[in-house]
$ cat protein_27.cif   # mmCIF, C-alpha atoms (C1' of nucleotides)
data_data
loop_
_atom_site.label_atom_id
_atom_site.label_comp_id
_atom_site.auth_asym_id
_atom_site.auth_seq_id
_atom_site.Cartn_x
_atom_site.Cartn_y
_atom_site.Cartn_z
CA MET A 37 0.00 0.00 0.00
CA THR A 38 1.53 3.24 -1.06
CA ALA A 39 0.85 6.79 -2.10
CA THR A 40 0.04 5.38 -5.49
CA ASP A 41 -3.05 3.68 -4.16
CA ILE A 42 -4.26 6.98 -2.79
CA LYS A 43 -3.72 8.74 -6.08
CA ARG A 44 -5.41 6.00 -8.01
CA ALA A 45 -8.49 6.63 -5.88
CA GLY A 46 -8.57 10.24 -7.02
CA LEU A 47 -7.47 11.51 -3.63
CA LYS A 48 -4.69 13.90 -2.91
CA VAL A 49 -1.63 12.48 -1.24
CA THR A 50 -1.66 14.30 2.07
CA LEU A 51 0.28 13.78 5.24
CA PRO A 52 -2.76 12.69 7.27
CA ARG A 53 -3.63 10.07 4.68
CA LEU A 54 -0.12 8.72 4.60
CA LYS A 55 -0.04 8.62 8.37
CA VAL A 56 -3.28 6.68 8.62
CA LEU A 57 -2.03 4.26 6.03
CA GLU A 58 1.18 3.80 7.95
CA VAL A 59 -0.66 3.03 11.17
CA LEU A 60 -2.78 0.42 9.43
CA GLU A 61 0.28 -1.18 7.88
CA ASN A 62 2.04 -1.61 11.18
CA ALA A 63 -1.05 -2.60 13.11
CA ASN A 64 -1.04 -5.78 15.10
CA PRO A 65 -3.69 -7.03 15.48
CA HIS A 66 -4.87 -5.93 12.05
CA HIS A 67 -8.16 -4.56 13.25
CA LEU A 68 -8.29 -1.01 14.50
CA SER A 69 -11.16 1.27 15.37
CA ALA A 70 -11.08 4.88 14.24
CA GLU A 71 -10.26 5.79 17.81
CA ASP A 72 -7.33 3.36 17.80
CA VAL A 73 -5.88 4.99 14.73
CA TYR A 74 -6.38 8.42 16.23
CA LYS A 75 -4.64 7.44 19.46
CA ALA A 76 -1.75 5.83 17.63
CA LEU A 77 -1.00 9.16 16.01
CA LEU A 78 -1.59 11.41 19.00
CA ASP A 79 1.93 11.09 20.31
CA THR A 80 3.64 11.58 16.99
CA ASP A 81 4.77 14.92 15.62
CA ASP A 82 1.98 14.92 13.09
CA SER A 83 -1.15 13.82 14.80
CA VAL A 84 -4.39 13.72 12.85
CA GLY A 85 -7.77 15.03 13.93
CA LEU A 86 -10.37 12.44 14.84
CA ALA A 87 -12.80 13.78 12.28
CA THR A 88 -10.13 13.41 9.63
CA VAL A 89 -9.41 9.86 10.69
CA TYR A 90 -13.07 8.98 10.22
CA ARG A 91 -13.18 10.79 6.90
CA VAL A 92 -10.04 9.17 5.60
CA LEU A 93 -11.07 5.69 6.70
CA THR A 94 -14.40 6.08 4.94
CA GLN A 95 -12.71 7.29 1.80
CA PHE A 96 -10.22 4.46 1.94
CA GLU A 97 -13.07 2.05 2.26
CA SER A 98 -14.78 3.43 -0.84
CA ALA A 99 -11.46 3.19 -2.62
CA GLY A 100 -11.08 -0.43 -1.60
CA ILE A 101 -7.91 0.33 0.35
CA VAL A 102 -9.39 -0.76 3.66
CA GLN A 103 -12.24 -2.97 4.76
CA ARG A 104 -14.71 -2.16 7.45
CA HIS A 105 -16.30 -4.72 9.73
CA ASN A 106 -19.10 -4.34 12.23
CA PHE A 107 -18.67 -6.75 15.06
CA ALA A 108 -21.42 -7.74 17.44
CA ASP A 109 -20.55 -5.26 20.15
CA GLY A 110 -21.66 -2.69 17.64
CA HIS A 111 -18.57 -0.74 16.78
CA ALA A 112 -16.67 -0.67 13.55
CA VAL A 113 -13.12 -1.79 12.94
CA TYR A 114 -10.95 -1.28 9.90
CA GLU A 115 -8.14 -3.27 8.38
CA LEU A 116 -6.05 -2.94 5.25
CA ALA A 117 -7.79 -4.70 2.41
CA PRO A 118 -6.11 -8.11 2.39
CA ASP A 119 -4.82 -9.68 -0.78
CA GLU A 120 -7.02 -12.67 -0.31
CA HIS A 121 -10.34 -12.63 1.40
CA HIS A 122 -10.77 -14.02 4.89
CA ASP A 123 -13.45 -14.29 7.53
CA HIS A 124 -13.27 -13.69 11.27
CA MET A 125 -13.51 -15.57 14.48
CA VAL A 126 -14.00 -13.58 17.67
CA ASP A 127 -13.19 -15.08 21.04
CA VAL A 128 -16.11 -13.88 23.14
CA ASP A 129 -14.07 -14.10 26.34
CA SER A 130 -10.85 -12.38 25.36
CA GLY A 131 -12.15 -10.31 22.47
CA GLN A 132 -9.30 -11.56 20.34
CA VAL A 133 -9.89 -11.72 16.61
CA LEU A 134 -8.58 -14.51 14.41
CA GLU A 135 -8.75 -14.76 10.67
CA PHE A 136 -9.53 -17.84 8.67
CA VAL A 137 -10.27 -18.94 5.15
CA ASN A 138 -12.43 -21.81 4.09
CA GLU A 139 -12.93 -22.47 0.43
CA ARG A 140 -15.97 -24.66 0.88
CA ILE A 141 -17.84 -22.00 2.79
CA GLU A 142 -17.01 -19.46 0.13
CA LYS A 143 -18.31 -21.74 -2.55
CA LEU A 144 -21.46 -22.61 -0.63
CA GLN A 145 -22.30 -18.96 -0.27
CA GLN A 146 -22.06 -18.48 -4.00
CA GLU A 147 -24.36 -21.42 -4.51
CA ILE A 148 -26.92 -20.19 -2.05
CA ALA A 149 -27.10 -16.75 -3.60
CA ASP A 150 -27.35 -18.44 -6.95
CA GLU A 151 -30.23 -20.68 -5.93
CA HIS A 152 -32.20 -17.63 -4.94
CA GLY A 153 -31.56 -15.85 -8.20
CA PHE A 154 -28.96 -13.45 -6.86
CA GLU A 155 -25.33 -12.82 -7.45
CA LEU A 156 -23.11 -12.52 -4.42
CA VAL A 157 -21.75 -9.01 -4.01
CA ASP A 158 -20.14 -9.40 -0.63
CA HIS A 159 -20.56 -11.19 2.62
CA GLU A 160 -19.73 -11.00 6.27
CA LEU A 161 -19.17 -14.09 8.34
CA VAL A 162 -18.14 -13.86 11.95
CA LEU A 163 -17.90 -16.84 14.26
CA TYR A 164 -18.22 -16.07 17.95
CA VAL A 165 -16.28 -18.72 19.78
CA ARG A 166 -14.92 -19.77 23.13
CA LYS A 167 -11.82 -21.75 23.98
CA ARG A 168 -12.72 -25.38 24.27
CA ARG A 169 -11.89 -26.87 27.60
CA LYS A 170 -11.15 -30.50 26.94
CA MET B 613 -44.92 -16.08 21.95
CA THR B 614 -47.08 -15.18 24.87
CA ALA B 615 -47.17 -13.73 28.34
CA THR B 616 -45.94 -17.09 29.51
CA ASP B 617 -42.59 -16.55 27.84
CA ILE B 618 -42.22 -13.29 29.69
CA LYS B 619 -43.01 -14.91 32.99
CA ARG B 620 -40.69 -17.78 32.33
CA ALA B 621 -37.90 -15.22 31.96
CA GLY B 622 -38.61 -13.92 35.45
CA LEU B 623 -40.06 -10.69 34.14
CA LYS B 624 -43.34 -9.15 35.10
CA VAL B 625 -46.05 -9.22 32.51
CA THR B 626 -46.56 -5.55 31.81
CA LEU B 627 -48.48 -3.73 29.15
CA PRO B 628 -45.37 -2.28 27.48
CA ARG B 629 -43.81 -5.73 27.24
CA LEU B 630 -46.94 -7.21 25.74
CA LYS B 631 -47.13 -4.35 23.29
CA VAL B 632 -43.54 -4.76 22.16
CA LEU B 633 -44.11 -8.46 21.75
CA GLU B 634 -47.22 -7.79 19.71
CA VAL B 635 -45.38 -5.44 17.38
CA LEU B 636 -42.65 -8.00 16.80
CA GLU B 637 -45.21 -10.70 16.09
CA ASN B 638 -46.97 -8.69 13.44
CA ALA B 639 -43.83 -7.26 11.94
CA ASN B 640 -43.21 -7.64 8.28
CA PRO B 641 -40.37 -7.65 7.46
CA HIS B 642 -39.35 -9.44 10.62
CA HIS B 643 -36.47 -7.12 11.39
CA LEU B 644 -37.18 -3.99 13.35
CA SER B 645 -34.92 -1.46 14.97
CA ALA B 646 -35.77 -0.17 18.42
CA GLU B 647 -36.90 3.00 16.74
CA ASP B 648 -39.22 1.04 14.46
CA VAL B 649 -40.88 -0.61 17.43
CA TYR B 650 -41.21 2.72 19.16
CA LYS B 651 -42.83 4.33 16.13
CA ALA B 652 -45.21 1.45 15.63
CA LEU B 653 -46.62 2.07 19.08
CA LEU B 654 -46.67 5.86 18.99
CA ASP B 655 -50.07 6.05 17.37
CA THR B 656 -51.72 3.48 19.58
CA ASP B 657 -53.54 4.24 22.80
CA ASP B 658 -50.75 2.80 24.86
CA SER B 659 -47.50 4.01 23.43
CA VAL B 660 -44.23 3.01 25.05
CA GLY B 661 -41.27 5.21 25.83
CA LEU B 662 -38.21 4.76 23.66
CA ALA B 663 -36.04 4.02 26.67
CA THR B 664 -38.44 1.28 27.66
CA VAL B 665 -38.38 -0.19 24.19
CA TYR B 666 -34.61 -0.47 24.36
CA ARG B 667 -34.73 -1.90 27.85
CA VAL B 668 -37.39 -4.43 26.99
CA LEU B 669 -35.65 -5.52 23.81
CA THR B 670 -32.42 -6.07 25.70
CA GLN B 671 -34.22 -8.08 28.35
CA PHE B 672 -36.01 -10.11 25.71
CA GLU B 673 -32.69 -10.81 24.10
CA SER B 674 -31.21 -12.11 27.33
CA ALA B 675 -34.31 -14.21 27.79
CA GLY B 676 -33.93 -15.65 24.31
CA ILE B 677 -37.24 -14.22 23.20
CA VAL B 678 -35.71 -12.04 20.53
CA GLN B 679 -32.49 -12.04 18.57
CA ARG B 680 -30.36 -9.03 17.83
CA HIS B 681 -28.41 -8.54 14.61
CA ASN B 682 -25.93 -5.89 13.55
CA PHE B 683 -26.20 -5.24 9.88
CA ALA B 684 -23.57 -3.50 7.82
CA ASP B 685 -24.91 0.01 8.26
CA GLY B 686 -24.02 -0.43 11.90
CA HIS B 687 -27.29 -0.29 13.72
CA ALA B 688 -29.04 -3.07 15.51
CA VAL B 689 -32.24 -4.81 14.48
CA TYR B 690 -34.34 -7.25 16.44
CA GLU B 691 -36.59 -10.11 15.46
CA LEU B 692 -38.55 -12.71 17.37
CA ALA B 693 -36.33 -15.67 18.05
CA PRO B 694 -37.21 -18.07 15.26
CA ASP B 695 -37.92 -21.71 15.94
CA GLU B 696 -35.07 -22.75 13.76
CA HIS B 697 -31.96 -20.75 13.14
CA HIS B 698 -31.50 -18.94 9.87
CA ASP B 699 -29.04 -16.58 8.22
CA HIS B 700 -29.69 -13.48 6.18
CA MET B 701 -29.34 -12.25 2.67
CA VAL B 702 -29.56 -8.53 2.03
CA ASP B 703 -30.37 -7.18 -1.41
CA VAL B 704 -27.96 -4.27 -1.69
CA ASP B 705 -30.18 -2.47 -4.17
CA SER B 706 -33.58 -2.74 -2.51
CA GLY B 707 -32.46 -3.26 1.07
CA GLN B 708 -34.80 -6.22 1.32
CA VAL B 709 -33.83 -8.94 3.76
CA LEU B 710 -34.33 -12.63 3.01
CA GLU B 711 -33.78 -15.53 5.33
CA PHE B 712 -32.21 -18.82 4.46
CA VAL B 713 -30.97 -21.98 6.05
CA ASN B 714 -28.15 -24.18 4.91
CA GLU B 715 -27.20 -27.17 6.92
CA ARG B 716 -23.83 -27.62 5.31
CA ILE B 717 -22.73 -24.11 6.15
CA GLU B 718 -23.83 -24.61 9.74
CA LYS B 719 -21.83 -27.79 9.97
CA LEU B 720 -18.77 -26.28 8.33
CA GLN B 721 -18.74 -23.49 10.87
CA GLN B 722 -18.73 -25.99 13.69
CA GLU B 723 -15.84 -27.78 12.06
CA ILE B 724 -13.82 -24.64 11.56
CA ALA B 725 -14.21 -23.52 15.16
CA ASP B 726 -13.31 -27.04 16.19
CA GLU B 727 -10.15 -27.15 14.10
CA HIS B 728 -8.95 -24.04 15.87
CA GLY B 729 -9.63 -25.46 19.31
CA PHE B 730 -12.77 -23.44 19.94
CA GLU B 731 -16.39 -24.20 20.47
CA LEU B 732 -18.89 -22.22 18.46
CA VAL B 733 -20.97 -19.94 20.64
CA ASP B 734 -22.76 -18.03 17.93
CA HIS B 735 -22.28 -16.73 14.46
CA GLU B 736 -23.45 -14.08 12.09
CA LEU B 737 -23.58 -14.65 8.38
CA VAL B 738 -24.95 -12.06 6.03
CA LEU B 739 -24.79 -12.34 2.27
CA TYR B 740 -24.96 -9.07 0.39
CA VAL B 741 -26.47 -9.83 -2.96
CA ARG B 742 -27.92 -8.30 -6.11
CA LYS B 743 -30.62 -9.58 -8.39
CA ARG B 744 -29.05 -11.51 -11.19
CA ARG B 745 -29.90 -10.16 -14.57
CA LYS B 746 -30.01 -13.12 -16.91
"C1'" DA C 1481 9.96 29.08 -7.85
"C1'" DT C 1482 5.37 31.42 -7.34
"C1'" DT C 1483 0.68 31.67 -7.50
"C1'" DG C 1484 -4.24 30.26 -7.46
"C1'" DC C 1485 -7.65 27.36 -6.21
"C1'" DA C 1486 -10.05 23.27 -5.32
"C1'" DA C 1487 -9.50 19.87 -2.04
"C1'" DA C 1488 -8.32 18.68 2.57
"C1'" DT C 1489 -7.79 19.62 7.39
"C1'" DG C 1490 -8.70 20.44 12.52
"C1'" DA C 1491 -11.51 21.81 16.24
"C1'" DG C 1492 -15.54 21.88 17.99
"C1'" DA C 1493 -20.55 21.69 17.53
"C1'" DA C 1494 -24.23 18.79 16.09
"C1'" DT C 1495 -26.43 14.45 15.26
"C1'" DT C 1496 -27.58 9.66 15.83
"C1'" DG C 1497 -28.39 5.61 18.27
"C1'" DT C 1498 -28.41 3.83 22.71
"C1'" DT C 1499 -28.12 3.71 27.83
"C1'" DT C 1500 -28.65 5.49 32.47
"C1'" DC C 1501 -31.02 8.15 36.19
"C1'" DT C 1502 -34.84 9.29 38.95
"C1'" DA C 1503 -39.29 10.24 40.49
"C1'" DT C 1504 -43.68 8.06 39.71
"C1'" DT C 1505 -46.60 4.15 38.59
"C1'" DT C 1506 -47.92 -0.72 38.47
"C1'" DA C 1507 -48.04 -5.98 38.84
"C1'" DA C 1508 -48.87 -9.30 41.76
"C1'" DA C 1509 -48.15 -11.54 46.37
"C1'" DT C 1510 -50.31 -11.10 50.65
"C1'" DA D 1377 -57.27 -3.64 49.72
"C1'" DT D 1378 -52.42 -3.08 51.13
"C1'" DT D 1379 -47.71 -3.44 50.44
"C1'" DT D 1380 -43.51 -3.62 48.01
"C1'" DA D 1381 -40.23 -4.67 44.68
"C1'" DA D 1382 -40.09 -4.17 39.88
"C1'" DA D 1383 -41.13 -1.45 35.92
"C1'" DT D 1384 -42.13 2.80 33.57
"C1'" DA D 1385 -41.57 7.52 31.07
"C1'" DG D 1386 -38.99 11.29 30.14
"C1'" DA D 1387 -34.96 13.70 30.66
"C1'" DA D 1388 -30.33 13.73 30.77
"C1'" DA D 1389 -26.01 11.36 29.75
"C1'" DC D 1390 -23.28 8.97 26.65
"C1'" DA D 1391 -20.34 7.16 22.74
"C1'" DA D 1392 -19.53 6.92 18.05
"C1'" DT D 1393 -19.79 9.34 14.03
"C1'" DT D 1394 -20.73 13.31 10.98
"C1'" DC D 1395 -21.07 18.14 9.94
"C1'" DT D 1396 -19.56 23.13 9.71
"C1'" DC D 1397 -16.52 26.35 8.50
"C1'" DA D 1398 -12.38 29.02 8.88
"C1'" DT D 1399 -7.65 27.88 7.79
"C1'" DT D 1400 -4.18 25.21 5.42
"C1'" DT D 1401 -2.14 22.41 1.74
"C1'" DG D 1402 -1.25 19.65 -2.55
"C1'" DC D 1403 -0.38 20.35 -6.98
"C1'" DA D 1404 -1.24 22.27 -11.69
"C1'" DA D 1405 -0.47 26.18 -14.38
"C1'" DT D 1406 2.12 29.82 -14.82
#
$ encode --input "protein_27.cif" --output "structure tokens"
Amino acid sequence: MTATDIKRAGLKVTLPRLKVLEVLENANPHHLSAEDVYKALLDTDDSVGLATVYRVLTQFESAGIVQRHNFADGHAVYELAPDEHHDHMVDVDSGQVLEFVNERIEKLQQEIADEHGFELVDHELVLYVRKRRK
Amino acid sequence: MTATDIKRAGLKVTLPRLKVLEVLENANPHHLSAEDVYKALLDTDDSVGLATVYRVLTQFESAGIVQRHNFADGHAVYELAPDEHHDHMVDVDSGQVLEFVNERIEKLQQEIADEHGFELVDHELVLYVRKRRK
DNA sequence: ATTGCAAATGAGAATTGTTTCTATTTAAAT
DNA sequence: ATTTAAATAGAAACAATTCTCATTTGCAAT
């Protein structure tokens, strides 16, 4: 992800946008709320206003640079758009988020949409899980 | 769904609770926001305060009487807990919500959680679709 | 290198959806 | 009927997000 991606989206390459991008790149875990991004930049020389963070994240989403997810607790998190799609698993106890891919589920979703006369535009699958005590 | 379900949950059978239940029963489409429920009762003789609607919906959720979902636009909707589980398909053009069931997807989710050493507590699957033009 | 201007920003106010507080009312056990 | 804990309505509080607008900045054309 570089300045080029920003330009390609028809957006000017500004310091705030580069900063937000940088934070997302170095994020671990991948998923950050707007507030998280804001806080990460607060201490730096060039912090970015919260309103701008929201604006930029929304623009990046439209541009396909980031993805937004709405988890069950009701607040949104963002992550850099991954090269290959994945779904999420949230540990309801720790709040930790894992990523996973399952080809068969992907395919089944296509089929289901198809059966109903639709084409699949997107989907959101989140498993809420708990560590199994054996 | 009756007064009995309310009692069984250890809640008093009050007019507001019965009213909210009634609205959910007659709802079409099934999915209503708290605001929707509130509005539906505004015109009736016995309207219910918005705060109460939220409170009652939350209690009903804990009691398993209703289910809450967070759709992509980020705000919560409620529906009467269905007899059998189903997932959702949202038409991105019309906003219409369809329900579907697919046993294989359900089973696959179990398996995936299992492979990672978790037990599945809950899940949320929403397909965003568009009418296929042939 | 400057200049001009549309686009972008920051700070705070406003809005939206939801939750909490509190004084009053009500269900239901006696 | 009386009592009492639970429930209610409405207001106020709250958190996340969006809007407003005066100021700043990227960058294209001098």
$ residues_around --input "protein_27.cif" --residues "Arg166 of chain A" --least-positions-apart "6" --cutoff "7 Å" --atoms "all atoms listed in the file" --output "PyMOL selection string"
(chain A and resi 127-129) or (chain B and resi 730-733)
$ resolve_selection --input "protein_27.cif" --expression "the PyMOL selection byres ((chain D) within 8 of (chain A))" --output "list in words"
DA1392, DT1393 and DG1402 of chain D
$ closest_residue --input "protein_27.cif" --among "A:Gly153, A:Gly100, A:Gly46, A:Gly85" --to "chain C" --atoms "all atoms listed in the file"
A:Gly85
$ resolve_selection --input "protein_27.cif" --expression "the PyMOL selection byres ((chain C and resi 1481) around 12)" --output "list in words"
DT1482 and DT1483 of chain C; DT1406 of chain D
$ closest_atom_pairs --input "protein_27.cif" --of "chain A" --to "chain B" --cutoff "10 Å" --atoms "only C-alpha atoms" --output "CSV"
residue,atom,partner,partner_atom,distance
A:Arg104,CA,B:Ala684,CA,9.0
A:His105,CA,B:Ala684,CA,7.6
A:Asn106,CA,B:Gly686,CA,6.3
A:Phe107,CA,B:Asn682,CA,7.5
A:Ala108,CA,B:Asn682,CA,6.2
A:Asp109,CA,B:Asn682,CA,8.5
A:Gly110,CA,B:Gly686,CA,6.6
A:His111,CA,B:Gly686,CA,7.3
A:Ala112,CA,B:Gly686,CA,7.5
A:Met125,CA,B:Ala725,CA,8.0
A:Val126,CA,B:His735,CA,9.4
A:Asp127,CA,B:Phe730,CA,8.4
A:Val128,CA,B:Val733,CA,8.2
A:Leu134,CA,B:His728,CA,9.6
A:Phe136,CA,B:Ile724,CA,8.5
A:Val137,CA,B:Ile724,CA,9.3
A:Asn138,CA,B:Ile724,CA,8.1
A:Arg140,CA,B:Leu720,CA,8.1
A:Ile141,CA,B:Ile717,CA,6.3
A:Glu142,CA,B:Ile717,CA,9.5
A:Leu144,CA,B:Ile717,CA,7.1
A:Gln145,CA,B:Leu739,CA,7.5
A:Gln146,CA,B:Leu739,CA,9.2
A:Ile148,CA,B:Asn714,CA,8.1
A:Ala149,CA,B:Val741,CA,7.0
A:Asp150,CA,B:Arg744,CA,8.3
A:His152,CA,B:Lys743,CA,8.9
A:Gly153,CA,B:Arg744,CA,5.8
A:Phe154,CA,B:Lys743,CA,4.5
A:Glu155,CA,B:Arg742,CA,5.4
A:Leu156,CA,B:Val741,CA,4.5
A:Val157,CA,B:Val741,CA,4.9
A:Asp158,CA,B:Tyr740,CA,4.9
A:His159,CA,B:Leu739,CA,4.4
A:Glu160,CA,B:Val738,CA,5.3
A:Leu161,CA,B:Leu737,CA,4.4
A:Val162,CA,B:Glu736,CA,5.3
A:Leu163,CA,B:His735,CA,4.4
A:Tyr164,CA,B:Asp734,CA,4.9
A:Val165,CA,B:Leu732,CA,4.6
A:Arg166,CA,B:Phe730,CA,5.3
A:Lys167,CA,B:Phe730,CA,4.5
A:Arg168,CA,B:Phe730,CA,4.7
A:Arg169,CA,B:Phe730,CA,8.4
A:Lys170,CA,B:Gly729,CA,9.3
$ axis_aligned_box --input "protein_27.cif" --around "segment 75-82 of chain A" --padding-each-side "3 Å" --output "AutoDock Vina command-line options"
--center_x 0.1 --center_y 10.4 --center_z 16.7 --size_x 15.4 --size_y 15.1 --size_z 13.2
$ atom_distance --input "protein_27.cif" --atom1 "atom CA of Lys75 of chain A" --atom2 "atom CA of Pro52 of chain A"
13.4 Å
$ closest_residue --input "protein_27.cif" --among "C:DA1491, C:DT1502, C:DA1508, C:DG1484" --to "chain B" --atoms "all atoms listed in the file"
C:DA1508
$ closest_atom_pairs --input "protein_27.cif" --of "chain C" --to "chain A" --cutoff "9 Å" --atoms "only C-alpha atoms (C1' of nucleotides)" --output "CSV"
residue,atom,partner,partner_atom,distance
C:DA1487,C1',A:Lys48,CA,7.7
C:DA1488,C1',A:Thr50,CA,8.0
C:DT1489,C1',A:Thr88,CA,7.0
C:DG1490,C1',A:Gly85,CA,5.7
C:DA1491,C1',A:Gly85,CA,8.1
$ residues_near_point --input "protein_27.cif" --point "(-4.0, -3.2, 17.1)" --cutoff "12 Å" --atoms "only C-alpha atoms (C1' of nucleotides)" --output "number ranges by chain"
A: 59-76, 113-115, 132-133
$ residues_around --input "protein_27.cif" --residues "DC1501 of chain C" --least-positions-apart "4" --cutoff "10 Å" --atoms "all atoms listed in the file" --output "PyMOL selection string"
chain D and resi 1387-1389
$ atom_distance --input "protein_27.cif" --atom1 "atom CA of Thr94 of chain A" --atom2 "atom CA of Leu54 of chain A"
14.5 Å
$ atom_distance --input "protein_27.cif" --atom1 "atom C1' of DA1398 of chain D" --atom2 "atom C1' of DA1494 of chain C"
17.2 Å
$ resolve_selection --input "protein_27.cif" --expression "the PyMOL selection byres ((chain D and resi 1377) around 12)" --output "list in words"
DT1510 of chain C; DT1378 and DT1379 of chain D
$ residues_around --input "protein_27.cif" --residues "Leu692 of chain B" --least-positions-apart "4" --cutoff "7 Å" --atoms "all atoms listed in the file" --output "PyMOL selection string"
chain B and resi 636+677-679
$ write_last_selection --input "protein_27.cif" --atoms "C-alpha atoms" --output "mmCIF file, in the frame of the given file"
data_model
loop_
_atom_site.group_PDB
_atom_site.id
_atom_site.type_symbol
_atom_site.label_atom_id
_atom_site.label_comp_id
_atom_site.auth_asym_id
_atom_site.auth_seq_id
_atom_site.Cartn_x
_atom_site.Cartn_y
_atom_site.Cartn_z
ATOM 1 C CA LEU B 636 -42.650 -8.000 16.800
ATOM 2 C CA ILE B 677 -37.240 -14.220 23.200
ATOM 3 C CA VAL B 678 -35.710 -12.040 20.530
ATOM 4 C CA GLN B 679 -32.490 -12.040 18.570
#
$ residues_around --input "protein_27.cif" --residues "DT1504 of chain C" --least-positions-apart "2" --cutoff "12 Å" --atoms "all atoms listed in the file" --output "list in words"
DT1502 and DT1506 of chain C; DA1383, DT1384, DA1385 and DG1386 of chain D
$ build_atoms --input "protein_27.cif" --residues "segment 84-104 of chain A" --atoms "N, CA and C atoms" --output "CSV table (one decimal), in the coordinates of the input"
chain,number,residue,atom,x,y,z
A,84,VAL,N,-3.3,13.5,13.8
A,84,VAL,CA,-4.4,13.7,12.8
A,84,VAL,C,-5.7,13.8,13.6
A,85,GLY,N,-6.5,14.8,13.3
A,85,GLY,CA,-7.8,15.0,13.9
A,85,GLY,C,-8.7,13.8,13.8
A,86,LEU,N,-9.5,13.6,14.8
A,86,LEU,CA,-10.4,12.4,14.8
A,86,LEU,C,-11.3,12.5,13.7
A,87,ALA,N,-11.9,13.6,13.4
A,87,ALA,CA,-12.8,13.8,12.3
A,87,ALA,C,-12.1,13.4,11.0
A,88,THR,N,-10.9,13.8,10.8
A,88,THR,CA,-10.1,13.4,9.6
A,88,THR,C,-9.9,11.9,9.6
A,89,VAL,N,-9.6,11.3,10.7
A,89,VAL,CA,-9.4,9.9,10.7
A,89,VAL,C,-10.7,9.2,10.2
A,90,TYR,N,-11.8,9.6,10.7
A,90,TYR,CA,-13.1,9.0,10.2
A,90,TYR,C,-13.2,9.2,8.7
A,91,ARG,N,-13.0,10.5,8.3
A,91,ARG,CA,-13.2,10.8,6.9
A,91,ARG,C,-12.3,9.9,6.0
A,92,VAL,N,-11.0,9.9,6.4
A,92,VAL,CA,-10.0,9.2,5.6
A,92,VAL,C,-10.4,7.7,5.6
A,93,LEU,N,-10.7,7.1,6.7
A,93,LEU,CA,-11.1,5.7,6.7
A,93,LEU,C,-12.2,5.4,5.8
A,94,THR,N,-13.2,6.3,5.8
A,94,THR,CA,-14.4,6.1,4.9
A,94,THR,C,-14.0,6.2,3.5
A,95,GLN,N,-13.2,7.1,3.2
A,95,GLN,CA,-12.7,7.3,1.8
A,95,GLN,C,-11.9,6.1,1.4
A,96,PHE,N,-11.0,5.6,2.3
A,96,PHE,CA,-10.2,4.5,1.9
A,96,PHE,C,-11.1,3.2,1.7
A,97,GLU,N,-12.2,3.2,2.4
A,97,GLU,CA,-13.1,2.0,2.3
A,97,GLU,C,-13.7,2.1,0.9
A,98,SER,N,-14.2,3.3,0.5
A,98,SER,CA,-14.8,3.4,-0.8
A,98,SER,C,-13.8,3.1,-1.9
A,99,ALA,N,-12.5,3.4,-1.6
A,99,ALA,CA,-11.5,3.2,-2.6
A,99,ALA,C,-11.0,1.7,-2.6
A,100,GLY,N,-11.5,1.0,-1.7
A,100,GLY,CA,-11.1,-0.4,-1.6
A,100,GLY,C,-9.7,-0.6,-0.9
A,101,ILE,N,-9.2,0.4,-0.3
A,101,ILE,CA,-7.9,0.3,0.4
A,101,ILE,C,-8.0,-0.3,1.7
A,102,VAL,N,-9.1,-0.1,2.4
A,102,VAL,CA,-9.4,-0.8,3.7
A,102,VAL,C,-10.8,-1.4,3.6
A,103,GLN,N,-10.9,-2.3,4.6
A,103,GLN,CA,-12.2,-3.0,4.8
A,103,GLN,C,-12.8,-2.6,6.1
A,104,ARG,N,-14.1,-2.5,6.2
A,104,ARG,CA,-14.7,-2.2,7.4
A,104,ARG,C,-15.5,-3.4,7.9
